[in-house]
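Below is one structure; the comments refer to it alone.
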Amino acid sequence: MKEYRTINQIAGPLLFVEKTEPVGFAELVNIVLWDGSVKRGQVLDTSDEIVVVQVFETTAGIGRDSGVRFTGETIKMPVGKEMLGRILSGGGKPIDGGPEIVPEKRLDITGAAINPYARHSPEEFIQTGISTIDGMNTLVRGQKLPIFSGAGLPHNDIALQIARQAKVLGSKEQFAVVFAAMGITKEEANHFMADFERTGALERAVVFLNLADDPAVERIITPRLALTTAEYLAFDLGMHVLVILTDMTNYCEALRQIGAAREEVPGRRGYPGYMYTDLASIYERAGIIHGVKGSITQFPILTMPGDDITHPIPDLSGYITEGQLVVSRELHRKGIYPPINVLPSLSRLMNLGIGAKHTREDHKKVSDQCYAAYAEGNDLRGLVAIVGKDALSERDRMFLEFADLFEDRFVRQGQNEDRSIQQTLDLGWDLLATLPVEQLVRIDRALIEKYHPKFRGQKGAAPEKAAAR
Amino acid sequence: MEVKDSMTKRSGTGVLKRISGPVVTAVGLDAHMYDVVKVGKEALMGEVIKIKGDQVIIQVYEDTSGIRPGEPVENTGLSLAVELGPGLLKSIYDGIQRPLVVLVDKMGNFIQRGVSAPGLDRGKKWEFTPVVKAGDRVGPGTIIGEVQETNIVHRVMVPPNMKGGTVKEIRAGSFTVEDVVATLDDGTKLTMMQRWPVRVPRPVVEKLNPDIPLLTGQRILDGLFPIAKGGTAAIPGPFGSGKTVTQQQLAKWSDAEIVVYIGCGERGNEMTEVLTEFPHLTDPKSGKPLMERTCLIANTSNMPVAAREASVYTGITIAEYFRDMGYDVSLMADSTSRWAEAMREISSRLEEMPGEEGYPAYLAARLSEFYERAGRAKVLSGGLGSVSVIGAVSPPGGDFSEPVTQNTLRIVKVFWALDAKLSQRRHFPAINWLNSYSLYLDILHDWYDQHVSPDWNKLRAWAMEVLQKESELQEIVQLVGSDALPEEQQITIEVARMIREVFLQQNAYDAVDTYCDMTKQYEMMKAIKKFSDLAYAAQVAGALPAQIMAVPSKNELPQIKFIKDYKPALAKILDQMDTEVNALRSGT
């Protein structure tokens with residue numbers, strides 16, 4: 001392989017190499033330093049005059065005398081069955097002291113788009129055991145549902161609880177976990193690793209660690225390596241894979257860093273204009289394919305800078321992912337775990353995975369009614385702060401109390417409390433029963449008679465008006 | 001005519017000089033703007049978007065990884081065009097009209113590159129029935145025959161860029177799209193297929209005023225903010241506010257004859273949902289599966305960005321083609337923001353001087369060109385047809401002041417403002433009734449008068465007034481609490497609540513409530529008005545608001561939404577309402 005010593009310029013993570021033979025776009029590049037060590041990079045722009053190379057590690061030690069080798073192929077990830085249980089660096093090298101991965105296949109890390117016609121619509125309900133998710137923002141297999149959090153909030157615990165408890169009812173298969181850490185601290189990483197080891201999840205996990213002190217640019221490839229591995233496990237080996245990506249905010253910062261180094265025209269808040277497309281190339285790698293056994297379910301975690309949901313990172317993510325779980329500082333301060341605020345949270349695929357076929361026939365309407373009642377109660381809190389509770393009408397007072405009860409009993413649960421969907425829905429009914437029946441406008445009579453605690457078990461004892469249906 | 005130059009072949013090959021993502025530069029190529037070229041050894045499809053001296057700049061519709069300088073570029077000499085003919089319906093295409101079904105067969109479950117597939121199936125035979133005979137004169141756009149494509153009759157036309165002549169021979173029978181079905185006296189051979197360049201609007205005789213509503217079965221749309229057939233509407237909203245659900249509801253229930261649905265840079269699973277759901281849903285008018293009238297274009301967010309840019313043009317050209325047959329077509333583009341972003345991405349790779357927020361300076365021009373292709377028109381074949389365009393907009397951070405929303409609002413006539421606050425409390429469709437508007441109200445006034453009821457327009461105005469008043473009263477309530485309001489205003493608030501909860505809220509997932517015809521809308525609104533009239537009268541007669549609000553019949557009203565044969569139940573509720581509220585008057 002030819003080695004060029006024609007580096008003309010080094011700017012941030014970018015090298016500008018001159019007078020090369022034709023080099024392919026997106027090719028993998030090896031840069032050989034004076035001491036013989038090798039760094040890796042990728043071609044970002046190629047022409048017959050100049051080639052721009054993005055280096056995945058720090059450019060420290062690279063000089064105009066360094067050698068550049070173009071490998072003639074795009075970046076590939078060696079994958080194999082024995083990856084399960086392994087810990088790899090953010091660049092895909094084993095760091096657990098174990099042997100190199102013996103590849104059964106080498107896959108392109110960019111990953112091709114799944115043909116929308118080949119996709120199978122996700123519909124299998126995943127029970128996480130967390131009421132705010134199962135009852136109000138139901139997760140289904142093949143979905144991508146991010147956690148929007150803020151600095152200092154327990155998003156990691158929530159992610160771990162989901163990874164621990166997630167199961168498809170009636171199926172014995174456990175999820176394989178692919179965990180990709182981007183720029184998180186060693187401490188956070190240890191927290192995850194300890195939990196994986198404690199619960200035995202590590203045996204069926206592949207871990208990619210790019211820590212806070214690892215090169216930022218490496219973060220660009222970490223999620224792609226993880227998803228390539230996940231695709232292999234899911235679509236080649238037929239496993240159901242849960243991918244946890246944390247923290248996507250660090251990934252986007254790295255993207256911005258490269259954009260700035262390339263002197264690109266920036267979009268909002270300095271992030272590149274193609275960030276939507278770039279994020280989509282990560283998030284869209286979730287799903288199920290017709291006639292293929294496995295599936296990929298994604299849990300990206302991101303911390304919203306300044307808790308601002310309109311910041312470009314959560315904003316663009318929300319437009320791509322199928323909903324979001326929003327972790328609330330206010331609930332956290334009240335001492336409620338998991339502090340998931342259901343109001344801004346959403347699961348877009350919920351309707352596919354609930355109902356008589358998957359969970360229970362009353363699921364949708366109970367959830368809608370709880371949403372409406374909680375939202376109304378929550379609004380009244382603002383009013384109470386001004387006029388006091390006494391100025392409220394009796395109706396309003398009931399909704400206000402509903403909101404408090406909802407947070408205290410429905411949202412709050414233990415870190416190891418695994419509620420079944422029946423428990424969650426019955427809990428919802430218990431809370432709705434504190435409101436007068438005629439306020440439950442979102443639920444039709446038949447369901448009220450069947451599930452409302454007041455009518456439960458009394459067949460035929462329903463009020464006569466119900467006959468209207 | 002502009003279209004003709006697509007017929008004059010330019011050819012030749014050039015050499016690649018530079019590759020930067022989806023934008024590549026070639027030298028030594030004889031090319032005109034928007035020529036389609038084949039790039040590299042794998043012959044990836046691309047389009048010329050800029051010419052600078054000897055350099056030709058090309059956007060490539062497929063992934064360019066591994067392509068090197070020095071590889072060949074070949075000019076096909078044709079503009080980017082779609083194939084139009086039988087077989088469009090029930091299809092799902094990518095942004096450049098490659099059938100996704102065929103791509104699965106050719107390259108498996110993932111989209112690989114370098115595979116081409118024609119838009120229309122070459123092997124399939126269609127039963128062609130002529131409607132003209134030898135000796136008839138035919139001109140551009142004349143319908144020469146019919147094909148029963150699905151339950152829709154596909155009308156085969158003389159392409160609008162041909163001059164026509166006298167029919168020498170025309171045959172009935174079973175043909176493929178490439179077989180000659182008719183010959184003209186000047187030797188012109190006509191097939192069932194025509195090609196049309198996507199960036200050129202198809203001609204019509206004249207555009208007409210849109211004065212018939214496009215009924216959607218959605219109460220807030222038909223009732224309060226209607227769009228006309230041939231009109232334009234925008235649905236801007238932050239993520240999670242229900243853009244896609246609203247778009248899909250429109251695709252399902254709007255009373256257009258043909259629906260073109262463009263998934264432009266959105267989620268793959270959403271298209272899958274449409275594909276799984278539509279064949280099982282039936283059109284309330286024809287009783288046939290909705291899929292039979294639908295053409296889908298899916299260029300999801302992780303498919304090549306240049307093809308995303310093209311997908312919108314591909315879609316509208318197909319819509320115009322069906323309009324030319326005399327059909328009412330509605331086109332949903334979800335989302336136009338992703339289309340604008342694709343333009344921005346390409347523009348920044350071209351190193352063009354950016355306009356607002358990095359978008360190219362020609363953003364406004366492109367948007368208005370696109371929406372201007374909507375309209376109700378007298379078509380070349382003599383009939384009337386329309387294309388209604390409904391574009392979703394995804395403003396960053398839900399901020400409507402951003403360039404795509406603003407430039408769209410300058411063009412479209414209907415604005416359905418989605419509101420995250422409403423969706424958070426599960427008020428769906430989360431369309432804000434105070435911010436939204438429709439500029440078609442005046443022009444549609446007469447239609448509602450004649451086809452719904454002479455008092456419908458008054459009822460609508462009444463409902464809007466109550467909602468407006470409520471928003472003013474809510475400001476006071478926020479300060480002093482609702483009990484401090486005068487009794488009359490407490491009733492106003494209650495009536496507004498009923499309008500919101502009974503009329504405006506609609507459950508897209510309920511088998512009955514998902515579609516509500518205009519008669520039911522009218523009956524529902526009339527029932528609310530009746531309660532309002534009774535309530536004010538009772539209050540004047542001395543009944544307390546709390547008593548009035550507690551009447552059981554009022555609380556029964558929401559159930560009407562979920563009942564298919566609602567008339568007996570509604571009549572019963574109204575009777576009961578009379579008795580109950582009047583009892584309050586006499587009881588005090």
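By order of appearance in the structure tokens: chains A, B, ..., then residues from 1 within every chain, and ligands from 1 in the order shown.
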| At most 7 Å to chain B: residues in chain A, only C-alpha atoms, as a ChimeraX atom specification | /A:22-27,44-48,73-74,112-121,265-268,273-274,277,280-281,284,310-311,315,318-320,323,343-344,346,368,371-372,375,383,386-387,391-393,438,441,444,468-469
| task | Using only C-alpha atoms, determine which residues lie at most 12 Å from Asp121 (chain B), disregarding the query and same-chain residues fewer than 4 positions distant; provide the list as a PyMOL selection string. | result | chain B and resi 83-89+91+97-99+101-102+117+125-126+175-178+192-193
Take the residues from that selection and put them in a file with C-alpha atoms, as an mmCIF file, in the first residue's frame.
```cif
data_model
loop_
_atom_site.group_PDB
_atom_site.id
_atom_site.type_symbol
_atom_site.label_atom_id
_atom_site.label_comp_id
_atom_site.auth_asym_id
_atom_site.auth_seq_id
_atom_site.Cartn_x
_atom_site.Cartn_y
_atom_site.Cartn_z
ATOM 1 C CA GLU B 83 -43.074 7.264 -15.879
ATOM 2 C CA LEU B 84 -46.811 7.788 -15.949
ATOM 3 C CA GLY B 85 -49.289 5.086 -16.840
ATOM 4 C CA PRO B 86 -51.260 2.185 -15.379
ATOM 5 C CA GLY B 87 -49.537 0.682 -12.348
ATOM 6 C CA LEU B 88 -48.985 3.846 -10.313
ATOM 7 C CA LEU B 89 -51.767 3.115 -7.856
ATOM 8 C CA SER B 91 -47.357 1.344 -5.575
ATOM 9 C CA GLN B 97 -39.684 6.528 -8.597
ATOM 10 C CA ARG B 98 -37.923 3.223 -8.128
ATOM 11 C CA PRO B 99 -40.544 0.759 -6.899
ATOM 12 C CA VAL B 101 -41.154 -3.732 -3.932
ATOM 13 C CA VAL B 102 -38.905 -4.428 -6.912
ATOM 14 C CA ALA B 117 -35.692 -0.289 -11.726
ATOM 15 C CA LYS B 125 -50.559 -6.522 -19.198
ATOM 16 C CA TRP B 126 -53.487 -4.182 -18.850
ATOM 17 C CA PHE B 175 -51.166 -4.665 -23.599
ATOM 18 C CA THR B 176 -48.054 -3.818 -21.639
ATOM 19 C CA VAL B 177 -47.298 -0.155 -21.005
ATOM 20 C CA GLU B 178 -44.796 -0.149 -23.867
ATOM 21 C CA MET B 192 -50.196 3.700 -22.363
ATOM 22 C CA MET B 193 -47.081 5.183 -20.777
#
```
| From the set A:Gly61, A:Pro154, A:Gly92, A:Gly428, which residue has the shortest atom-to-atom contact distance to Glu188 (chain A), counting only C-alpha atoms? |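 Of A:Gly61, A:Pro154, A:Gly92, A:Gly428, the one nearest Glu188 (chain A), counting only C-alpha atoms, is A:Pro154.
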| message | Would you pick out the contacts of Met182 (chain A) at 6 Å or less, using only C-alpha atoms, so that residues sharing its chain but fewer than 5 positions from it are not included, and give the list as a list in words? | response | Asn210, Arg219, Thr246 and Asp247 of chain A
| message | So that I can see what lies close to Val29 (chain A), please list as a list in words the residues with an atom at most 8 Å from it, counting only C-alpha atoms and leaving out residues fewer than 2 positions away in the same chain. | response | Glu27, Ile31, Arg40, Gly41, Gln42, Val43, Val53, Val68, Arg69, Phe70 and Thr71 of chain A
| task | Within 12 Å of Asp426 (chain A), counting only C-alpha atoms, which residues show up once you throw out same-chain ones fewer than 5 positions away? Write them as a PyMOL selection string, please. | result | chain A and resi 131+135+360+362-363+366-367+409-410+419-421+431-433+450-453+456
| said: I'd like to know which of A:Ser345, A:Ala151, A:Ser171, A:Glu82 is closest to Pro94 (chain A), using only C-alpha atoms. | reply: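 For Pro94 (chain A), the nearest of the given residues is A:Glu82.
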| task | Measure the distance from CA of Thr185 (chain A) to CA of Ile95 (chain A) in Å and round it to one decimal. | result |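 Calculated distance between CA of Thr185 (chain A) and CA of Ile95 (chain A) is 16.2 Å.
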| query | Using the chain letters and numbers from this document, which residues of region 352-408 of chain A does DSSP assign to alpha helix (DSSP H), as a PyMOL selection string? | reply | chain A and resi 352-353+363-387+394-405
Would you put the residues from that selection into a file with C-alpha atoms, as a compact mmCIF listing (two decimals), in the first residue's frame?
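Once everything was written out, this is out11.txt:
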```
# COMPACT_ATOMS: atom_id res chain seq x y z
CA LEU A 352 -49.87 -0.49 17.63
CA GLY A 353 -48.91 -2.37 20.75
CA HIS A 363 -55.69 0.55 27.79
CA LYS A 364 -55.99 3.40 25.28
CA LYS A 365 -58.94 5.04 26.94
CA VAL A 366 -57.59 4.73 30.48
CA SER A 367 -54.36 6.29 29.35
CA ASP A 368 -56.15 9.13 27.53
CA GLN A 369 -58.35 9.83 30.51
CA CYS A 370 -55.41 9.83 32.93
CA TYR A 371 -53.56 12.19 30.61
CA ALA A 372 -56.45 14.60 30.35
CA ALA A 373 -57.17 14.56 34.08
CA TYR A 374 -53.53 14.92 35.09
CA ALA A 375 -53.01 17.77 32.62
CA GLU A 376 -56.03 19.58 33.99
CA GLY A 377 -54.97 19.06 37.60
CA ASN A 378 -51.48 20.17 36.78
CA ASP A 379 -52.75 23.42 35.22
CA LEU A 380 -54.82 24.14 38.31
CA ARG A 381 -51.67 24.12 40.45
CA GLY A 382 -50.70 27.40 38.84
CA LEU A 383 -54.06 28.84 39.69
CA VAL A 384 -53.95 27.64 43.29
CA ALA A 385 -50.66 29.46 43.74
CA ILE A 386 -52.50 32.70 42.97
CA VAL A 387 -55.98 32.37 44.36
CA GLU A 394 -65.51 21.47 43.64
CA ARG A 395 -64.82 19.96 40.22
CA ASP A 396 -61.45 21.69 40.01
CA ARG A 397 -60.48 20.53 43.50
CA MET A 398 -61.04 16.92 42.50
CA PHE A 399 -58.77 17.28 39.50
CA LEU A 400 -56.13 18.96 41.60
CA GLU A 401 -56.17 16.05 44.01
CA PHE A 402 -56.07 13.63 41.13
CA ALA A 403 -52.80 15.17 39.92
CA ASP A 404 -51.19 14.72 43.33
CA LEU A 405 -52.40 11.16 43.64
```
| query | So which residues touch Lys168 (chain B) within 9 Å, counting only C-alpha atoms, skipping near sequence neighbours fewer than 3 positions away, as a PyMOL selection string? | reply | chain B and resi 133-136+182-187
| field | 9 Å contact set for Ala340 (chain B), only C-alpha atoms, chain neighbours under 4 positions out, as a VMD selection string | value | chain B and resid 309 336 344 to 345 359 to 360 363 366 to 367 404
Let's have the selection written as an mmCIF file, in the first residue's frame, with C-alpha atoms.
```cif
data_model
loop_
_atom_site.group_PDB
_atom_site.id
_atom_site.type_symbol
_atom_site.label_atom_id
_atom_site.label_comp_id
_atom_site.auth_asym_id
_atom_site.auth_seq_id
_atom_site.Cartn_x
_atom_site.Cartn_y
_atom_site.Cartn_z
ATOM 1 C CA GLU B 309 -35.085 16.658 -2.654
ATOM 2 C CA THR B 336 -41.746 19.878 3.638
ATOM 3 C CA ARG B 344 -29.967 23.403 2.459
ATOM 4 C CA GLU B 345 -27.615 20.461 2.628
ATOM 5 C CA TYR B 359 -31.221 27.863 3.935
ATOM 6 C CA PRO B 360 -30.515 28.805 0.331
ATOM 7 C CA LEU B 363 -36.006 28.605 -0.595
ATOM 8 C CA ARG B 366 -38.956 26.769 -4.554
ATOM 9 C CA LEU B 367 -41.711 26.547 -1.961
ATOM 10 C CA VAL B 404 -39.711 27.316 6.225
#
```
| task | Could you jot down the CA of Gln247 (chain B) to CA of Lys144 (chain A) separation for me, Å, one decimal place? | result | 21.4 Å
| task | Taking the chain letters and numbering used in this document, name the residues of region 182-274 of chain A that DSSP puts in strand (DSSP E or B), as JSON, numbers by chain. | result | {"A": [182, 183, 184, 205, 206, 207, 208, 209, 210, 211, 240, 241, 242, 243, 244, 245, 246, 266, 272]}
Next, dump the selected residues to file, keeping only N, CA and C atoms, as a PDB file, in the first residue's frame.
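The resulting file, part.pdb, is shown below:
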```
ATOM      1  N   MET A 182     -20.837   7.187  24.904  1.00  0.00           N
ATOM      2  CA  MET A 182     -20.099   8.223  24.188  1.00  0.00           C
ATOM      3  C   MET A 182     -19.816   9.371  25.138  1.00  0.00           C
ATOM      4  N   GLY A 183     -18.565   9.510  25.501  1.00  0.00           N
ATOM      5  CA  GLY A 183     -18.155  10.653  26.312  1.00  0.00           C
ATOM      6  C   GLY A 183     -18.734  10.679  27.713  1.00  0.00           C
ATOM      7  N   ILE A 184     -19.140   9.529  28.264  1.00  0.00           N
ATOM      8  CA  ILE A 184     -19.599   9.566  29.651  1.00  0.00           C
ATOM      9  C   ILE A 184     -18.400   9.345  30.568  1.00  0.00           C
ATOM     10  N   ALA A 205     -24.427  -9.130  26.548  1.00  0.00           N
ATOM     11  CA  ALA A 205     -24.261  -7.726  26.165  1.00  0.00           C
ATOM     12  C   ALA A 205     -22.960  -7.528  25.406  1.00  0.00           C
ATOM     13  N   VAL A 206     -22.960  -6.522  24.542  1.00  0.00           N
ATOM     14  CA  VAL A 206     -21.715  -6.058  23.945  1.00  0.00           C
ATOM     15  C   VAL A 206     -21.582  -4.598  24.350  1.00  0.00           C
ATOM     16  N   VAL A 207     -20.430  -4.257  24.929  1.00  0.00           N
ATOM     17  CA  VAL A 207     -20.268  -2.911  25.468  1.00  0.00           C
ATOM     18  C   VAL A 207     -19.213  -2.154  24.672  1.00  0.00           C
ATOM     19  N   PHE A 208     -19.561  -0.948  24.245  1.00  0.00           N
ATOM     20  CA  PHE A 208     -18.603  -0.060  23.584  1.00  0.00           C
ATOM     21  C   PHE A 208     -18.400   1.144  24.483  1.00  0.00           C
ATOM     22  N   LEU A 209     -17.163   1.402  24.872  1.00  0.00           N
ATOM     23  CA  LEU A 209     -16.926   2.498  25.793  1.00  0.00           C
ATOM     24  C   LEU A 209     -16.043   3.571  25.177  1.00  0.00           C
ATOM     25  N   ASN A 210     -16.628   4.730  24.954  1.00  0.00           N
ATOM     26  CA  ASN A 210     -15.830   5.900  24.637  1.00  0.00           C
ATOM     27  C   ASN A 210     -16.052   6.831  25.809  1.00  0.00           C
ATOM     28  N   LEU A 211     -15.031   6.985  26.637  1.00  0.00           N
ATOM     29  CA  LEU A 211     -15.213   7.755  27.869  1.00  0.00           C
ATOM     30  C   LEU A 211     -14.889   9.225  27.638  1.00  0.00           C
ATOM     31  N   HIS A 240     -33.216 -10.638  19.675  1.00  0.00           N
ATOM     32  CA  HIS A 240     -33.907  -9.373  19.941  1.00  0.00           C
ATOM     33  C   HIS A 240     -32.951  -8.498  20.728  1.00  0.00           C
ATOM     34  N   VAL A 241     -32.604  -7.359  20.132  1.00  0.00           N
ATOM     35  CA  VAL A 241     -31.525  -6.559  20.690  1.00  0.00           C
ATOM     36  C   VAL A 241     -32.067  -5.231  21.206  1.00  0.00           C
ATOM     37  N   LEU A 242     -31.603  -4.866  22.391  1.00  0.00           N
ATOM     38  CA  LEU A 242     -31.913  -3.571  22.969  1.00  0.00           C
ATOM     39  C   LEU A 242     -30.631  -2.745  22.883  1.00  0.00           C
ATOM     40  N   VAL A 243     -30.672  -1.602  22.199  1.00  0.00           N
ATOM     41  CA  VAL A 243     -29.463  -0.800  22.064  1.00  0.00           C
ATOM     42  C   VAL A 243     -29.597   0.433  22.943  1.00  0.00           C
ATOM     43  N   ILE A 244     -28.652   0.618  23.836  1.00  0.00           N
ATOM     44  CA  ILE A 244     -28.660   1.828  24.666  1.00  0.00           C
ATOM     45  C   ILE A 244     -27.510   2.714  24.197  1.00  0.00           C
ATOM     46  N   LEU A 245     -27.839   3.940  23.788  1.00  0.00           N
ATOM     47  CA  LEU A 245     -26.816   4.877  23.336  1.00  0.00           C
ATOM     48  C   LEU A 245     -26.794   6.047  24.309  1.00  0.00           C
ATOM     49  N   THR A 246     -25.670   6.246  24.962  1.00  0.00           N
ATOM     50  CA  THR A 246     -25.609   7.358  25.908  1.00  0.00           C
ATOM     51  C   THR A 246     -24.238   8.002  25.830  1.00  0.00           C
ATOM     52  N   PRO A 266     -22.685  26.948   9.471  1.00  0.00           N
ATOM     53  CA  PRO A 266     -23.392  26.280  10.562  1.00  0.00           C
ATOM     54  C   PRO A 266     -24.896  26.498  10.511  1.00  0.00           C
ATOM     55  N   PRO A 272     -24.108  21.488  12.645  1.00  0.00           N
ATOM     56  CA  PRO A 272     -24.151  21.442  11.177  1.00  0.00           C
ATOM     57  C   PRO A 272     -25.569  21.287  10.630  1.00  0.00           C
TER      58      PRO A 272
END
```
| Using only C-alpha atoms: which of B:Asp30, B:Asp446, B:Glu127, B:Glu580 has the shortest distance to Asp179 (chain B) |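 Answer, going by the shortest atom-to-atom distance: B:Glu127.
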